[in-house]
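Only one structure is covered here, and it is reproduced in the block below.
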Amino acid sequence: MAFIDYYKILGIEKNATEKDIKKAYRKLARKYHPDLNPNNKEAEKKFKEINEANEVLSHPENRKKYDKYGKDWEHAEHFEKAEQQQQHYKRSAQQQSSGGFYESDYSDFFESMFGGSHRRSGGRVQYKGQDYNAELKLNLTDVFTTHKQTLTVNNKKIRLTIPAGVKDGQIIKIKGHGGPGINGGPNGDLHIKFSIFNNTSFKRDKDNLYKTIDLDLYKAIIGGTITVDTFDGKVKLTVKPETKNGTKIKLKGKGFPVYKKEGEFGDLYISYQIKIPTNLSSKEKELFNELAKLRTS
C-alpha cells in the first residue's frame, strides 16, 4: 500500500553490505521475537516488518528492484516491459513516412499491465494511479459508535470517519488516496477492508445481537426480576414463572447500530440457560425430595 523504508526498519544505510543486513536483521529479530514478547501486539507488528524488510533486502534481485522503483518494486518487470514497448513504438513511428505513432497500441499495453483508466492531455496519455489496499483491525466495541481515526498512508495523514455499524470484511473507498497518477493522471484510490474482532460476550449477526445467560433454577420456577447486560448498559427483565430452559426473549432496539442509518438499531435476543444448583445441603435435598413426592402423588 504505502511506501515502507526497509533500510530504516533495519536501521541500516542504503550502501549496507549483505553482511550488514544479516547482522541487523538477526539483532532485531531476537529483540522483537514473539516468544520474548508474548501478547505484545506492537512487538508482533515490528517483527513482521523486520522479516518483510529482510526478505526484500537480503535478496540481491529484489533489493535492486526496490532501490530503483521503491514502493512499486514488485511491479518492476511491468514497468520495464512498458518502457521497452514505448521505445519500440517510438522507433516505429520514426520509420513511418506518414509520421504515424501507434500510441494507442502502447496505451493498451500499459493499461493491460497496470489496469485503470487513461485519457489524453497535450498528446500524452494519462493514467490513473495504482489503487492501494489496506486492512484496518478494530474491536467490536470500536464500531458501536461513529468515531474518527487518523491513518498514515504513503507519509500522508488521513482523517477517517468510521460510521457505527461497520461490518467485518466490509470495504470502503477513500477517493484519491492511492498511488500518484502517471503523466498527470488522477491519483488512485485507497480501499480499506475492516477486520473486526469480537471482544464481547455477544454474538453479532448483521444488526442483531445474541447472548445466552444463566438463569437461576428458583427464578425459572417461581419467576421474578433479573438484571442483564446489553451492549450499552444494564436492563431489568421480568422472568415469568415456569420459564423453560432455552427460552428466548427479544429486546427490541437493543442490538447493533444499523450502518449509516443514524438512530436505527437491530434487536438483542437473550436465551435462558437454567442453572442447576450444586453442593446441596441436607435441608435442600430434603425439600427437593418432598417436592418430588408432591409431583408424583
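In the C-alpha cells, chains take letters A, B, ... by order of appearance, with residues numbered from 1 within each chain and ligands from 1 in the order shown.
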> Which polymer residues have any atom within 12 Å of an atom of stretch 193-195 of chain A, counting only C-alpha atoms, with same-chain residues fewer than 6 positions away left out, as a PyMOL selection string?
Replying inline: chain A and resi 132-140+142-143+162-163+165-174
Expected file: the selected residues, C-alpha atoms, as a PDB file, in the first residue's frame:
ATOM      1  CA  TYR A 132      -3.985   0.867  -2.571  1.00  0.00           C
ATOM      2  CA  ASN A 133      -5.497  -1.799  -0.339  1.00  0.00           C
ATOM      3  CA  ALA A 134      -5.270  -1.736   3.436  1.00  0.00           C
ATOM      4  CA  GLU A 135      -6.710  -3.656   6.361  1.00  0.00           C
ATOM      5  CA  LEU A 136      -7.925  -1.866   9.471  1.00  0.00           C
ATOM      6  CA  LYS A 137      -8.301  -4.027  12.568  1.00  0.00           C
ATOM      7  CA  LEU A 138     -10.860  -2.914  15.153  1.00  0.00           C
ATOM      8  CA  ASN A 139     -12.695  -4.351  18.125  1.00  0.00           C
ATOM      9  CA  LEU A 140     -16.458  -4.794  18.005  1.00  0.00           C
ATOM     10  CA  ASP A 142     -14.938   0.287  18.492  1.00  0.00           C
ATOM     11  CA  VAL A 143     -17.654   0.236  15.832  1.00  0.00           C
ATOM     12  CA  ILE A 162     -15.703   5.285  10.755  1.00  0.00           C
ATOM     13  CA  PRO A 163     -19.512   5.012  10.826  1.00  0.00           C
ATOM     14  CA  GLY A 165     -22.305  -0.459  12.390  1.00  0.00           C
ATOM     15  CA  VAL A 166     -19.405  -1.260  10.045  1.00  0.00           C
ATOM     16  CA  LYS A 167     -19.307  -4.998   9.411  1.00  0.00           C
ATOM     17  CA  ASP A 168     -16.428  -7.458   9.428  1.00  0.00           C
ATOM     18  CA  GLY A 169     -14.975  -7.748   5.914  1.00  0.00           C
ATOM     19  CA  GLN A 170     -16.657  -4.556   4.701  1.00  0.00           C
ATOM     20  CA  ILE A 171     -14.606  -2.403   2.316  1.00  0.00           C
ATOM     21  CA  ILE A 172     -14.828   1.367   1.941  1.00  0.00           C
ATOM     22  CA  LYS A 173     -13.138   3.529  -0.700  1.00  0.00           C
ATOM     23  CA  ILE A 174     -11.250   6.755   0.029  1.00  0.00           C
TER      24      ILE A 174
END
> Can you list, as an NGL selection string, every protein, DNA or RNA residue that comes within 6 Å of stretch 250-252 of chain A when you count only C-alpha atoms, leaving out same-chain residues fewer than 3 positions away?
Replying inline: :A and (267-269)
Limited to all heavy atoms, could you put the picked residues into a file as a compact mmCIF listing (two decimals), in the first residue's frame?
# COMPACT_ATOMS: atom_id res chain seq x y z
N ASP A 267 -31.95 -5.79 17.03
CA ASP A 267 -32.53 -6.27 18.28
C ASP A 267 -31.53 -7.16 19.03
O ASP A 267 -30.59 -7.70 18.44
CB ASP A 267 -33.81 -7.06 18.00
CG ASP A 267 -34.84 -6.23 17.25
OD1 ASP A 267 -34.97 -5.03 17.58
OD2 ASP A 267 -35.50 -6.77 16.34
N LEU A 268 -31.77 -7.30 20.33
CA LEU A 268 -30.95 -8.18 21.18
C LEU A 268 -31.80 -9.38 21.59
O LEU A 268 -32.91 -9.21 22.11
CB LEU A 268 -30.47 -7.43 22.41
CG LEU A 268 -29.82 -8.27 23.52
CD1 LEU A 268 -28.58 -8.99 23.01
CD2 LEU A 268 -29.47 -7.39 24.72
N TYR A 269 -31.30 -10.58 21.34
CA TYR A 269 -32.01 -11.81 21.70
C TYR A 269 -31.29 -12.47 22.87
O TYR A 269 -30.11 -12.81 22.78
CB TYR A 269 -32.08 -12.75 20.51
CG TYR A 269 -32.95 -12.25 19.38
CD1 TYR A 269 -32.43 -11.40 18.39
CD2 TYR A 269 -34.30 -12.59 19.31
CE1 TYR A 269 -33.23 -10.92 17.37
CE2 TYR A 269 -35.11 -12.12 18.28
CZ TYR A 269 -34.57 -11.28 17.32
OH TYR A 269 -35.37 -10.80 16.31
> In Å to one decimal, how far is atom CA of A:Glu49 from atom CA of A:Lys157?
Replying inline: 20.1 Å
Non-local contacts of A:Gly263 (12 Å; only C-alpha atoms; under 3 positions in same chain excluded) as a compact mmCIF listing (two decimals) with N, CA, C and O atoms, in the first residue's frame:
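The result, stored in part_23.txt:
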# COMPACT_ATOMS: atom_id res chain seq x y z
N PHE A 144 -19.30 0.38 17.62
CA PHE A 144 -20.65 0.57 18.14
C PHE A 144 -21.08 2.03 18.01
O PHE A 144 -22.27 2.33 17.94
N THR A 145 -20.11 2.94 17.98
CA THR A 145 -20.40 4.36 17.80
C THR A 145 -19.54 4.91 16.67
O THR A 145 -18.45 4.40 16.39
N THR A 146 -20.02 5.93 16.01
CA THR A 146 -19.25 6.60 14.96
C THR A 146 -18.07 7.32 15.61
O THR A 146 -18.23 8.02 16.60
N ALA A 164 -20.70 4.05 12.69
CA ALA A 164 -21.15 2.96 13.55
C ALA A 164 -21.81 1.89 12.70
O ALA A 164 -22.46 2.18 11.69
N GLY A 165 -21.65 0.64 13.09
CA GLY A 165 -22.31 -0.46 12.39
C GLY A 165 -21.51 -1.07 11.26
O GLY A 165 -22.01 -1.95 10.54
N GLY A 253 -34.55 -3.02 19.60
CA GLY A 253 -33.72 -1.82 19.56
C GLY A 253 -32.49 -1.87 20.44
O GLY A 253 -31.79 -0.86 20.58
N LYS A 254 -32.20 -3.03 21.03
CA LYS A 254 -31.03 -3.15 21.89
C LYS A 254 -29.88 -3.90 21.21
O LYS A 254 -28.95 -4.35 21.86
N GLY A 255 -29.98 -4.00 19.89
CA GLY A 255 -28.93 -4.67 19.14
C GLY A 255 -27.85 -3.71 18.68
O GLY A 255 -27.54 -2.73 19.36
N PHE A 256 -27.29 -3.95 17.48
CA PHE A 256 -26.18 -3.16 16.97
C PHE A 256 -26.69 -2.04 16.06
O PHE A 256 -27.74 -2.18 15.43
N PRO A 257 -25.95 -0.92 15.99
CA PRO A 257 -26.39 0.18 15.10
C PRO A 257 -26.47 -0.28 13.65
O PRO A 257 -25.64 -1.07 13.20
N VAL A 258 -27.44 0.24 12.93
CA VAL A 258 -27.57 -0.05 11.50
C VAL A 258 -26.64 0.90 10.76
O VAL A 258 -26.67 2.11 10.96
N TYR A 259 -25.80 0.35 9.89
CA TYR A 259 -24.78 1.13 9.18
C TYR A 259 -25.39 2.29 8.40
O TYR A 259 -26.30 2.11 7.60
N LYS A 260 -24.90 3.48 8.69
CA LYS A 260 -25.29 4.73 8.02
C LYS A 260 -26.79 5.03 8.12
O LYS A 260 -27.35 5.70 7.26
N GLY A 266 -30.54 -2.78 15.56
CA GLY A 266 -31.12 -4.12 15.49
C GLY A 266 -31.65 -4.51 16.86
O GLY A 266 -31.78 -3.67 17.76
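Restricting the calculation to only C-alpha atoms, the smallest distance between A:Asn245 and any of A:Leu160, A:Val228, A:Ile274, A:Leu217 is found for A:Ile274.
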>> Using Å and a single decimal, report how far atom CA of A:Asn62 sits from atom CA of A:Tyr7.
In response: 13.3 Å
>> Calculated over only C-alpha atoms, which of the candidates A:Arg26, A:Lys19, A:Lys148, A:Arg63 has the smallest distance to A:Asp5?
In response: A:Arg63
> atom CA of A:Asp35 to atom CA of A:Phe47: how many Å, to one decimal?
Replying inline: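 Separating atom CA of A:Asp35 from atom CA of A:Phe47 is a distance of 11.0 Å.
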Using DSSP on the backbone coordinates, identify all residues within stretch 179-233 of chain A classified as helix (DSSP H, G or I); present the result as a short mmCIF file (atom, residue, chain, number, x, y, z; two decimals) with all heavy atoms, in the first residue's frame.
data_model
loop_
_atom_site.label_atom_id
_atom_site.label_comp_id
_atom_site.auth_asym_id
_atom_site.auth_seq_id
_atom_site.Cartn_x
_atom_site.Cartn_y
_atom_site.Cartn_z
N LEU A 217 -32.38 -21.64 38.86
CA LEU A 217 -33.49 -22.59 38.81
C LEU A 217 -34.72 -22.06 39.57
O LEU A 217 -35.84 -22.19 39.08
CB LEU A 217 -33.05 -23.93 39.42
CG LEU A 217 -34.14 -24.99 39.56
CD1 LEU A 217 -34.66 -25.42 38.18
CD2 LEU A 217 -33.62 -26.19 40.34
N TYR A 218 -34.47 -21.44 40.69
CA TYR A 218 -35.59 -20.98 41.51
C TYR A 218 -36.35 -19.84 40.81
O TYR A 218 -37.57 -19.78 40.84
CB TYR A 218 -35.08 -20.53 42.88
CG TYR A 218 -34.23 -21.57 43.55
CD1 TYR A 218 -32.85 -21.40 43.68
CD2 TYR A 218 -34.79 -22.75 44.02
CE1 TYR A 218 -32.07 -22.36 44.27
CE2 TYR A 218 -34.01 -23.73 44.61
CZ TYR A 218 -32.64 -23.54 44.73
OH TYR A 218 -31.87 -24.51 45.31
N LYS A 219 -35.58 -18.94 40.13
CA LYS A 219 -36.23 -17.86 39.38
C LYS A 219 -37.02 -18.43 38.21
O LYS A 219 -38.10 -17.94 37.87
CB LYS A 219 -35.17 -16.88 38.87
CG LYS A 219 -34.71 -15.87 39.93
CD LYS A 219 -35.63 -14.68 39.92
CE LYS A 219 -35.34 -13.73 41.08
NZ LYS A 219 -33.98 -13.28 41.20
N ALA A 220 -36.45 -19.46 37.61
CA ALA A 220 -37.13 -20.07 36.47
C ALA A 220 -38.46 -20.69 36.90
O ALA A 220 -39.44 -20.68 36.15
CB ALA A 220 -36.24 -21.12 35.82
N ILE A 221 -38.50 -21.21 38.13
CA ILE A 221 -39.71 -21.89 38.60
C ILE A 221 -40.77 -20.91 39.12
O ILE A 221 -41.93 -20.95 38.71
CB ILE A 221 -39.36 -22.91 39.71
CG1 ILE A 221 -38.50 -24.03 39.12
CG2 ILE A 221 -40.63 -23.48 40.34
CD1 ILE A 221 -37.95 -24.99 40.15
N ILE A 222 -40.33 -19.99 39.98
CA ILE A 222 -41.33 -19.11 40.61
C ILE A 222 -41.39 -17.72 39.99
O ILE A 222 -42.27 -16.92 40.31
CB ILE A 222 -41.05 -18.98 42.12
CG1 ILE A 222 -39.68 -18.33 42.35
CG2 ILE A 222 -41.11 -20.34 42.79
CD1 ILE A 222 -39.37 -18.08 43.83
#
> Within 6 Å of stretch 236-238 of chain A, counting only C-alpha atoms, which residues qualify if same-chain residues fewer than 2 places away don't, as number ranges by chain?
Replying inline: A: 224-227
Please produce a file of the residues just selected, as a compact mmCIF listing (two decimals), in the first residue's frame, where the atoms kept are N, CA, C and O atoms.
# COMPACT_ATOMS: atom_id res chain seq x y z
N GLY A 224 -39.69 -13.82 38.72
CA GLY A 224 -39.05 -12.73 39.43
C GLY A 224 -38.40 -11.77 38.45
O GLY A 224 -38.73 -11.76 37.26
N THR A 225 -37.50 -10.95 38.92
CA THR A 225 -36.79 -9.99 38.06
C THR A 225 -35.30 -10.26 38.11
O THR A 225 -34.75 -10.70 39.12
N ILE A 226 -34.64 -9.99 36.99
CA ILE A 226 -33.18 -10.13 36.90
C ILE A 226 -32.62 -8.91 36.17
O ILE A 226 -33.34 -8.21 35.46
N THR A 227 -31.33 -8.67 36.35
CA THR A 227 -30.65 -7.59 35.63
C THR A 227 -29.67 -8.21 34.64
O THR A 227 -28.87 -9.08 35.00
Selection near A:Glu42, 12 Å with only C-alpha atoms, sequence-local residues under 6 positions removed, as a compact mmCIF listing (two decimals) with N, CA and C atoms, in the first residue's frame:
# COMPACT_ATOMS: atom_id res chain seq x y z
N TYR A 32 12.60 -8.55 18.97
CA TYR A 32 11.15 -8.46 18.83
C TYR A 32 10.47 -9.81 18.61
N HIS A 33 11.20 -10.90 18.78
CA HIS A 33 10.61 -12.22 18.55
C HIS A 33 9.40 -12.44 19.47
N PRO A 34 8.29 -12.97 18.92
CA PRO A 34 7.06 -13.19 19.72
C PRO A 34 7.27 -14.00 20.99
N LYS A 48 7.05 -8.54 12.15
CA LYS A 48 6.60 -8.78 10.77
C LYS A 48 7.28 -7.81 9.81
N GLU A 49 7.41 -6.54 10.22
CA GLU A 49 8.06 -5.54 9.37
C GLU A 49 9.53 -5.89 9.14
> Which neighbours of A:Asn183 fall inside 7 Å, counting only C-alpha atoms, when residues of the same chain fewer than 2 positions from it are skipped, and could you give them as a list in words?
Replying inline: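 Final neighbour list, sorted by chain and number: Arg124, Val125, Gln126, Tyr127, Gly181 and Gly185 of chain A.
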Save the residues we just selected, N, CA, C and O atoms, as a PDB file, in the first residue's frame?
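Result saved to out-v7.pdb:
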ATOM      1  N   ARG A 124      -0.198  13.455 -24.548  1.00  0.00           N
ATOM      2  CA  ARG A 124       0.301  12.425 -23.642  1.00  0.00           C
ATOM      3  C   ARG A 124      -0.866  11.652 -23.047  1.00  0.00           C
ATOM      4  O   ARG A 124      -1.926  12.198 -22.790  1.00  0.00           O
ATOM      5  N   VAL A 125      -0.640  10.362 -22.846  1.00  0.00           N
ATOM      6  CA  VAL A 125      -1.691   9.524 -22.269  1.00  0.00           C
ATOM      7  C   VAL A 125      -1.567   9.567 -20.752  1.00  0.00           C
ATOM      8  O   VAL A 125      -0.512   9.307 -20.193  1.00  0.00           O
ATOM      9  N   GLN A 126      -2.661   9.919 -20.087  1.00  0.00           N
ATOM     10  CA  GLN A 126      -2.678   9.992 -18.634  1.00  0.00           C
ATOM     11  C   GLN A 126      -3.316   8.738 -18.059  1.00  0.00           C
ATOM     12  O   GLN A 126      -4.319   8.258 -18.581  1.00  0.00           O
ATOM     13  N   TYR A 127      -2.727   8.240 -16.986  1.00  0.00           N
ATOM     14  CA  TYR A 127      -3.244   7.036 -16.353  1.00  0.00           C
ATOM     15  C   TYR A 127      -3.553   7.303 -14.895  1.00  0.00           C
ATOM     16  O   TYR A 127      -2.822   8.018 -14.204  1.00  0.00           O
ATOM     17  N   GLY A 181      -0.916   9.556 -10.037  1.00  0.00           N
ATOM     18  CA  GLY A 181      -1.229   9.309 -11.436  1.00  0.00           C
ATOM     19  C   GLY A 181       0.011   9.418 -12.311  1.00  0.00           C
ATOM     20  O   GLY A 181       1.021  10.006 -11.916  1.00  0.00           O
ATOM     21  N   GLY A 185      -2.152  12.090 -14.591  1.00  0.00           N
ATOM     22  CA  GLY A 185      -3.460  11.460 -14.396  1.00  0.00           C
ATOM     23  C   GLY A 185      -3.891  11.539 -12.934  1.00  0.00           C
ATOM     24  O   GLY A 185      -3.108  11.909 -12.061  1.00  0.00           O
TER      25      GLY A 185
END
> Which one of A:Ile21, A:Val235, A:Leu209, A:Leu57 sits closest to A:Phe265 if you count only C-alpha atoms?
Replying inline: A:Leu209
